[in-house]
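J.: Before I ask anything, here is the structure I am working with.
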Amino acid sequence: MLLARWLVCSNISNTCATDKLDSGCIEMPTKRKRRCKACGKLFDPTYDKGKVKQLVCCNACCAKYYDKQKPKSRRLAREVSQMVGKRSMGEVRFDADHIENKRAVQADYEPDSFVYTVEETRTYTPDWRLISRSGHTFYIEYKGVLDLETRKKMVRVRDQHPDLDIRFVFQKASNKIRKNSKTTYGMWADKNGFDWADNTIPARWLK
Ligand SMILES: [Zn+2]
């Protein structure tokens with residue numbers, strides 16, 4: 001009875017809520033057992049996702065199946081390795097040779113993800129360096145588009161070079177930093193401690 005139902009209901013092993021063994025499962029059959037193209041055994045396709053159709057039962061059969069295909073291509077290798085949830089035929093073969101049949105301990109492929117922070121050095125080149133009549137040196141950053149990447153960059157530069165006087169000239173200071181945002185380029189500059197002007201150099205800057 002259980003086996004018969006296994007064939008028509010893909011959910012019986014975990015989430016099937018119908019629990020109608022005698023009257024039959026009301027779920028539409030979504031996954032049936034399939035015959036492995038390499039070894040011919042019946043298996044449950046567990047990696048079927050979107051366009052991926054799992055034609056082989058395991059990593060070893062996946063490697064055998066790939067070896068028989070002609071012509072070989074990177075695309076084919078990617079598609080075939082996806083059948084068993086891997087990203088390359090190298091991973092498929094490694095799993096077949098070193099993981100699959102030697103399970104002394106539990107082995108899971110890509111079970112966890114961990115966040116890490118990248119620290120790298122970059123260079124910022126301001127557009128103009130000006131010297132006012134009184135001898136004050138400052139830089140002008142001219143911006144048509146003030147995107148997120150630039151905003152983050154300028155805040156970092158500001159924090160790491162507190163002695164630099166960097167001022168923005170916006171092509172249009174009333175532009176918003178994002179679609180549907182109320183914050184204009186000018187408001188963003190004020191908030192972040194940058195002097196700014198709207199497509200001109202104010203007389204006061206040159207005193
Ligand atoms: Zn097989």
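We name chains A, B, ... following the order of the structure tokens; residues begin at 1 in each chain, and ligands are numbered from 1 as shown.
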Name the residues of chain A that fall into alpha helix (DSSP H) according to DSSP on the backbone, using the chain letters and numbers of this document, as a PyMOL selection string.

T.: chain A and resi 2-8+59-68+74-82+89-94+148-160+185-191

J.: For the residues in that selection, give me C-alpha atoms as a short mmCIF file (atom, residue, chain, number, x, y, z; two decimals), in the first residue's frame.

T.:
```
data_model
loop_
_atom_site.label_atom_id
_atom_site.label_comp_id
_atom_site.auth_asym_id
_atom_site.auth_seq_id
_atom_site.Cartn_x
_atom_site.Cartn_y
_atom_site.Cartn_z
CA LEU A 2 2.67 2.46 1.00
CA LEU A 3 4.78 1.62 -2.00
CA ALA A 4 1.84 2.07 -4.35
CA ARG A 5 1.19 5.49 -2.95
CA TRP A 6 4.85 6.44 -3.13
CA LEU A 7 4.57 6.12 -6.88
CA VAL A 8 1.83 8.72 -7.24
CA ASN A 59 27.19 11.16 -9.09
CA ALA A 60 28.93 8.05 -10.42
CA CYS A 61 26.16 7.48 -12.98
CA CYS A 62 26.25 11.18 -13.83
CA ALA A 63 29.94 10.89 -14.73
CA LYS A 64 29.27 7.76 -16.82
CA TYR A 65 26.39 9.48 -18.59
CA TYR A 66 28.50 12.54 -19.37
CA ASP A 67 31.36 10.43 -20.71
CA LYS A 68 29.00 8.88 -23.29
CA ARG A 74 31.16 23.53 -21.34
CA ARG A 75 27.44 24.03 -21.54
CA LEU A 76 26.77 20.29 -21.61
CA ALA A 77 29.10 19.77 -18.64
CA ARG A 78 27.22 22.44 -16.71
CA GLU A 79 23.81 21.00 -17.59
CA VAL A 80 24.77 17.42 -16.76
CA SER A 81 26.45 18.34 -13.46
CA GLN A 82 23.30 20.29 -12.48
CA MET A 89 31.84 17.71 -13.75
CA GLY A 90 34.95 17.97 -11.57
CA GLU A 91 32.72 18.19 -8.50
CA VAL A 92 30.58 15.31 -9.78
CA ARG A 93 33.63 13.07 -10.23
CA PHE A 94 35.12 14.06 -6.89
CA LEU A 148 24.96 54.27 -4.18
CA GLU A 149 28.46 53.10 -5.02
CA THR A 150 29.68 56.70 -5.24
CA ARG A 151 27.92 57.70 -2.04
CA LYS A 152 29.55 54.86 -0.13
CA LYS A 153 32.92 55.67 -1.67
CA MET A 154 32.75 59.35 -0.76
CA VAL A 155 31.80 58.62 2.84
CA ARG A 156 34.75 56.26 3.16
CA VAL A 157 37.12 58.80 1.63
CA ARG A 158 35.76 61.46 4.00
CA ASP A 159 36.27 59.21 7.04
CA GLN A 160 39.77 58.17 6.04
CA TYR A 185 21.68 65.07 -3.84
CA GLY A 186 22.01 68.34 -1.92
CA MET A 187 20.29 66.89 1.16
CA TRP A 188 22.57 63.89 1.06
CA ALA A 189 25.65 66.14 0.90
CA ASP A 190 24.40 68.27 3.83
CA LYS A 191 23.71 65.17 5.88
#
```

J.: Got a sec to check which residues lie within 12 Å of ligand 1, using only C-alpha atoms and all ligand atoms, and send them as a VMD selection string?

T.: chain A and resid 34 to 45 54 to 65 84 96

J.: Please indicate the distance in Å from atom CA of Lys143 of chain A to atom CA of Asp163 of chain A, rounded to one decimal place.

T.: 21.6 Å

J.: Take atom CA of Lys51 of chain A and atom CA of Pro71 of chain A and report the distance between them in Å, one decimal.

T.: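 Separation between atom CA of Lys51 of chain A and atom CA of Pro71 of chain A: 20.7 Å.
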
J.: So how far away is atom CA of Trp205 of chain A from atom CA of Ile177 of chain A, in Å?

T.: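 Value for the atom CA of Ile177 of chain A-atom CA of Trp205 of chain A distance: 24.8 Å.
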
J.: Hey, which of A:Asn175, A:Met83, A:Thr200, A:Asp127 ends up closest to Gly50 of chain A? Count only C-alpha atoms.

T.: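 Comparing A:Asn175, A:Met83, A:Thr200, A:Asp127 against Gly50 of chain A, the winner is A:Met83.
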
J.: Pick out the residues sitting within 9 Å of Arg178 of chain A, and hand them over as a VMD selection string; count only C-alpha atoms, and ignore anything fewer than 5 positions along from it in its own chain.

T.: chain A and resid 147 to 148 183 to 184

J.: Write a file of the selected residues as a tab-separated table (two decimals), in the first residue's frame, keeping N, CA and C atoms.

T.:
```tsv
chain	number	residue	atom	x	y	z
A	147	ASP	N	25.28	57.80	-7.56
A	147	ASP	CA	24.71	56.48	-7.26
A	147	ASP	C	25.21	55.96	-5.91
A	148	LEU	N	24.65	54.83	-5.51
A	148	LEU	CA	24.96	54.27	-4.18
A	148	LEU	C	26.45	54.00	-4.02
A	183	THR	N	15.09	62.21	-0.56
A	183	THR	CA	16.42	62.81	-0.36
A	183	THR	C	17.03	63.26	-1.69
A	184	THR	N	17.33	64.55	-1.76
A	184	THR	CA	17.99	65.06	-2.96
A	184	THR	C	19.51	64.92	-2.80
```
